[in-house]
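Participant: My questions all concern the structure below.
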Amino acid sequence: MSTAKGGGAGARSAAGATVTTRPEETQQTDRGHGPEHARPRKPADEHRPEGAQPPGHDRATDHDRAAHHDRAAHHDPETYGDPETHGDPETYGDGETYGDRETYGDGEADGEREFARRLSAGRRRAELALLVLAVAIAAGGHAGAGLALEGRLPSGYLPYVLGLSTLALLAHLAVRRFARCADPLLLPLAVLLSGLGLLLLSRLDHSYVREYGGEEVAAGQALWSAVGAVGLVLLLAVVRHHRVLQRYPYLVMSVALVLLMAPAFFSGDRYGAKRWIFVGPLSLQPGEFVKIMIVIFFAAYLTANRDALALAGHRAFGVTLPRGRNAGPVVVVWVLSLLVLVFERDLGTSLIFFGVFVAMLYMATHRTSWVLFGVAMAAVGAFVVGSLEPHVKGRVTAWLNPLAIYLPPDERPAGIVSDQPAQALFSFATGGLTGTGLGEGQPWLIRFAGRSDFILTTVGEELGLLGVTLVLLLYALLVERGLRTALVARDPFGKLLAFGLSVTLALQVFVVVGGVTGLVPLTGKALPFLAQGGSSAVANWLLVALLIRISNSAAEAALHGAGTGAGRTGATGKGATGKGPARKGTTGKGAAGKGPAKPGGADKG
């Protein structure tokens, strides 16, 4: 092969092909277009052999100007071909930018969005249909009670139906706007229970006014239910994701403790317990809101400390007992529950307070030893307080001997001062299997308690065992949907929060229904949604709002899990706090920075 001449642009090889070479001064890549980057023209070869390039046509120059075809330029990190640039997800070839499913309409992403749209629309249609059914059931019951009591529709029937319909529609629109993938049963169950509660209170108002000259409370309870529905709307609009609540656990717990201990400093005392804060003509029962705050704190605390609580301990008698420093929170909660029981004589709040924490401990750690430890501490505390506190001791005595109130005064056991437990048993017995019918019974004989925890006796007497069973099934279904939300939630905090809220509701229903039926001592707590109580109504609506928010987050995470958790093959997924692991051959983004680089590339940290 012949050697190219030093000053020529090209020379012929032995085979007749032209070999392009560049002098030393022309080896620079031509990246510019101005005169300072122009190459000096080569002199024309008058005796150019056949097949040589014409004058002024330098293949090296043309090849240089097409930088993406030049090997040196193609591998220059500053120009084009750097593996961190040319194949970088942020710059050119990644599905996040160039082939982005959200931008260029990848079929899989379009299918996901269409499926999510259909799912959310289907759930909201089902929710609307169930809301119509719930309002119809409540309206029909209200009309039946009015016809039985007065022979005509109640005077406030139309406002009742319109108000309940407006409340349901407002909450439905809020869910459709802010939580479109939420569970479709949570809201209809809350509306149906609220409607039944207003129906029972309106029916009792008629008898209480006639028999005792008391005042009506159904209108006030309807107002508080509306406030609760507005609270649901505001919570869904402000708290766009439940993990926001995880940021302030100690602030939430501090406020909860202040509210929990506040009634002890007020002189007001109702029905033997101090559960109320009085502000002018209004009264507030902070324990109803504290139960939600405590669940939020427990969920955040256990999420952060679950490993220490689950793995460490001492083995004794075949059971792994918690270490002293890990058992500290349980001891603190136990002491606080006893203080509430002693100073406020609030047995119901104390049981719920401690029971929820033990249940959430077991949920977080799956250790039976925590349950045994908690039950033992609860038994010791209940025995001590029940022996020393007269109010609690009297309730235990009335629970053990409900009919002793009808004995001569000198033969009655100490502490029995009310015939309500006995009247409740008579009321259930009168109702039988199907009840006397709405408006046909005498539930007003229980007096004022018929509007609070004993409101279940109205159901038992006028709707019978069948009616009580249906009401309890409504509560069971609401708790089940909350537990299902805990199962499908993707993050530990969401799981514990949904579980704690569901257990709170279940425990409150249990202690109230158990007290009325004689299964456990009376606690004085209001039956959720059914009984009179503004604080209870607002707090329970907020509890349902939190469950709706968690269920929506869980459904959205499930829908987009393949694209939002660990990245798919062939596409980069977005994680919860960053972007998921990269596919093979590209650079991925980790939770805080950029993840592992492809083979042969650099890692950006």
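Lettering and numbering for the structure tokens are positional, with chains as A, B, ... in the shown order, residues counted from 1 in each chain, and ligands counted from 1 in the shown order.
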Which residues are near segment 353-358 of chain A? Cut-off 8 Å, only C-alpha atoms, ignore same chain within fewer than 5 positions. Put them as a PyMOL selection string.

Facilitator: chain A and resi 291+294-295+298+330+333-334+337+370-371+374+378+500+503-504+507

Participant: Those same residues - N, CA and C atoms - I'd like them written as a PDB file, in the first residue's frame.

Facilitator:
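Saved file out.pdb follows:
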ATOM      1  N   LYS A 291     -59.071   9.717  71.133  1.00  0.00           N
ATOM      2  CA  LYS A 291     -58.888   8.340  70.671  1.00  0.00           C
ATOM      3  C   LYS A 291     -58.276   8.325  69.259  1.00  0.00           C
ATOM      4  N   ILE A 294     -54.501   9.489  69.612  1.00  0.00           N
ATOM      5  CA  ILE A 294     -53.671   8.444  70.195  1.00  0.00           C
ATOM      6  C   ILE A 294     -53.327   7.387  69.148  1.00  0.00           C
ATOM      7  N   VAL A 295     -54.283   7.046  68.307  1.00  0.00           N
ATOM      8  CA  VAL A 295     -54.017   6.068  67.256  1.00  0.00           C
ATOM      9  C   VAL A 295     -52.955   6.605  66.290  1.00  0.00           C
ATOM     10  N   PHE A 298     -49.605   6.317  68.111  1.00  0.00           N
ATOM     11  CA  PHE A 298     -49.171   4.929  68.223  1.00  0.00           C
ATOM     12  C   PHE A 298     -48.672   4.405  66.878  1.00  0.00           C
ATOM     13  N   VAL A 330     -45.499   0.940  77.146  1.00  0.00           N
ATOM     14  CA  VAL A 330     -46.701   0.251  77.609  1.00  0.00           C
ATOM     15  C   VAL A 330     -47.014   0.649  79.046  1.00  0.00           C
ATOM     16  N   VAL A 333     -48.498   4.187  79.075  1.00  0.00           N
ATOM     17  CA  VAL A 333     -49.898   4.171  78.647  1.00  0.00           C
ATOM     18  C   VAL A 333     -50.783   3.560  79.725  1.00  0.00           C
ATOM     19  N   TRP A 334     -50.293   2.513  80.384  1.00  0.00           N
ATOM     20  CA  TRP A 334     -51.050   1.879  81.459  1.00  0.00           C
ATOM     21  C   TRP A 334     -51.283   2.859  82.613  1.00  0.00           C
ATOM     22  N   SER A 337     -53.834   5.505  81.569  1.00  0.00           N
ATOM     23  CA  SER A 337     -55.204   4.988  81.556  1.00  0.00           C
ATOM     24  C   SER A 337     -55.755   4.862  82.976  1.00  0.00           C
ATOM     25  N   TRP A 370     -46.573  -9.500  74.065  1.00  0.00           N
ATOM     26  CA  TRP A 370     -47.089  -8.153  74.301  1.00  0.00           C
ATOM     27  C   TRP A 370     -48.561  -8.206  74.709  1.00  0.00           C
ATOM     28  N   VAL A 371     -49.322  -9.083  74.096  1.00  0.00           N
ATOM     29  CA  VAL A 371     -50.738  -9.208  74.450  1.00  0.00           C
ATOM     30  C   VAL A 371     -50.883  -9.721  75.879  1.00  0.00           C
ATOM     31  N   GLY A 374     -49.904  -6.982  78.255  1.00  0.00           N
ATOM     32  CA  GLY A 374     -50.926  -5.938  78.332  1.00  0.00           C
ATOM     33  C   GLY A 374     -52.166  -6.384  79.073  1.00  0.00           C
ATOM     34  N   ALA A 378     -53.692  -4.779  82.462  1.00  0.00           N
ATOM     35  CA  ALA A 378     -55.069  -4.285  82.490  1.00  0.00           C
ATOM     36  C   ALA A 378     -55.860  -4.938  83.620  1.00  0.00           C
ATOM     37  N   GLY A 500     -55.573   0.622  63.699  1.00  0.00           N
ATOM     38  CA  GLY A 500     -55.898   1.251  64.979  1.00  0.00           C
ATOM     39  C   GLY A 500     -57.255   1.936  64.976  1.00  0.00           C
ATOM     40  N   VAL A 503     -59.914  -0.806  65.113  1.00  0.00           N
ATOM     41  CA  VAL A 503     -59.997  -1.403  66.448  1.00  0.00           C
ATOM     42  C   VAL A 503     -60.643  -0.431  67.427  1.00  0.00           C
ATOM     43  N   THR A 504     -60.349   0.868  67.293  1.00  0.00           N
ATOM     44  CA  THR A 504     -60.985   1.871  68.151  1.00  0.00           C
ATOM     45  C   THR A 504     -62.501   1.823  68.022  1.00  0.00           C
ATOM     46  N   LEU A 507     -63.809  -1.519  69.518  1.00  0.00           N
ATOM     47  CA  LEU A 507     -63.789  -1.536  70.975  1.00  0.00           C
ATOM     48  C   LEU A 507     -64.893  -0.664  71.572  1.00  0.00           C
TER      49      LEU A 507
END

Participant: Report the distance between atom CA of Ser551 of chain A and atom CA of Ala182 of chain A in Å, rounded to one decimal place.

Facilitator: 5.1 Å

Participant: What residues in segment 99-268 of chain A get the DSSP label helix (DSSP H, G or I)? Please answer as a PyMOL selection string.

Facilitator: chain A and resi 101-104+107-150+157-178+186-212+218-238+242-247+249-265

Participant: How far is it from atom CA of Gly195 of chain A to atom CA of Val209 of chain A, in Å with one decimal?

Facilitator: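 Atom CA of Val209 of chain A lies at a distance of 21.2 Å from atom CA of Gly195 of chain A.
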
Participant: Under the rule that only C-alpha atoms are counted, which of A:Gln221, A:Gln442, A:Thr434, A:Ser350 is the nearest residue to Leu470 of chain A?

Facilitator: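 Ranked by minimum distance to Leu470 of chain A, first place goes to A:Thr434.
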
Participant: Between A:Leu361, A:Leu189, A:Ile296, A:Val331, which is the closest to Leu309 of chain A once you count only C-alpha atoms?

Facilitator: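 Checking each of A:Leu361, A:Leu189, A:Ile296, A:Val331 against Leu309 of chain A, counting only C-alpha atoms, the winner is A:Leu361.
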
Participant: Set the distance at 8 Å and use only C-alpha atoms: which residues neighbour Ser535 of chain A once local chain neighbours fewer than 4 positions away are removed? I'd like the list as a PyMOL selection string.

Facilitator: chain A and resi 224+284-286+288-289+539

Participant: With distances taken over only C-alpha atoms, which of A:Leu438, A:Ala449, A:Ala555, A:Ile550 is nearest to Arg123 of chain A?

Facilitator: A:Ala555

Participant: Env of Val544 of chain A: 10 Å cut, atoms = only C-alpha atoms, seq-sep filter 5 positions within chain, self excluded. Answer as a list in words.

Facilitator: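 These residues fall inside the cut-off: Leu186, Leu187, Leu189, Ala190, Ala229, Leu232, Leu478, Gly482, Ala498, Leu501, Ser502, Leu505, Ala539, Arg549 and Ile550 of chain A.
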
Participant: Rank nothing, just name the residue among A:Phe448, A:Phe493, A:Phe265, A:Trp399 nearest to Asp205 of chain A, using only C-alpha atoms.

Facilitator: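 Ranked by minimum distance to Asp205 of chain A, first place goes to A:Phe448.
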
Participant: Quick one: everything within 9 Å of Ala148 of chain A, counting only C-alpha atoms, minus sequence neighbours fewer than 3 positions away in the same chain. Send it as a list in words.

Facilitator: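 Neighbouring residues, sequence-local ones excluded: Ala143, Gly144, Ala145, Gly151, Arg152, Gly437, Leu438, Gly439 and Glu440 of chain A.
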
Participant: Would you save the residues of that selection, restricted to N, CA, C and O atoms, as a CSV table (one decimal), in the first residue's frame?

Facilitator:
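File produced: again-v8.csv:
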chain,number,residue,atom,x,y,z
A,143,ALA,N,-90.6,7.8,58.5
A,143,ALA,CA,-92.0,7.9,58.1
A,143,ALA,C,-92.8,6.9,58.9
A,143,ALA,O,-93.9,7.2,59.4
A,144,GLY,N,-92.3,5.7,59.0
A,144,GLY,CA,-93.1,4.6,59.7
A,144,GLY,C,-93.2,5.0,61.2
A,144,GLY,O,-94.3,4.7,61.8
A,145,ALA,N,-92.2,5.5,61.8
A,145,ALA,CA,-92.3,5.9,63.2
A,145,ALA,C,-93.3,7.0,63.4
A,145,ALA,O,-94.1,7.0,64.4
A,151,GLY,N,-100.0,9.1,63.6
A,151,GLY,CA,-100.9,8.8,62.5
A,151,GLY,C,-100.7,9.6,61.3
A,151,GLY,O,-101.6,9.7,60.4
A,152,ARG,N,-99.6,10.3,61.2
A,152,ARG,CA,-99.2,11.1,60.0
A,152,ARG,C,-97.7,11.2,59.9
A,152,ARG,O,-97.0,10.8,60.8
A,437,GLY,N,-92.4,-3.0,66.8
A,437,GLY,CA,-92.6,-2.0,65.7
A,437,GLY,C,-92.2,-0.6,66.1
A,437,GLY,O,-92.3,-0.2,67.3
A,438,LEU,N,-91.7,0.2,65.2
A,438,LEU,CA,-91.2,1.5,65.5
A,438,LEU,C,-92.4,2.4,66.0
A,438,LEU,O,-93.4,2.5,65.4
A,439,GLY,N,-92.1,3.0,67.2
A,439,GLY,CA,-93.2,3.8,67.8
A,439,GLY,C,-94.1,3.1,68.7
A,439,GLY,O,-95.0,3.7,69.3
A,440,GLU,N,-94.0,1.7,68.8
A,440,GLU,CA,-95.0,0.9,69.5
A,440,GLU,C,-94.5,0.5,70.8
A,440,GLU,O,-95.2,-0.2,71.6

Participant: So which residues of segment 159-386 of chain A fall under strand (DSSP E) by DSSP, listed as a list in words?

Facilitator: Ile277, Phe278, Val279, Leu282, Ser283, Leu284, His314, Arg315, Ala316, Val319, Thr320 and Leu321 of chain A

Participant: Let me make sure I understand: among A:Asn540, A:Ser202, A:Ser194, A:Ser120, which one has the smallest atom-to-atom distance to His142 of chain A if we use only C-alpha atoms?

Facilitator: A:Ser202
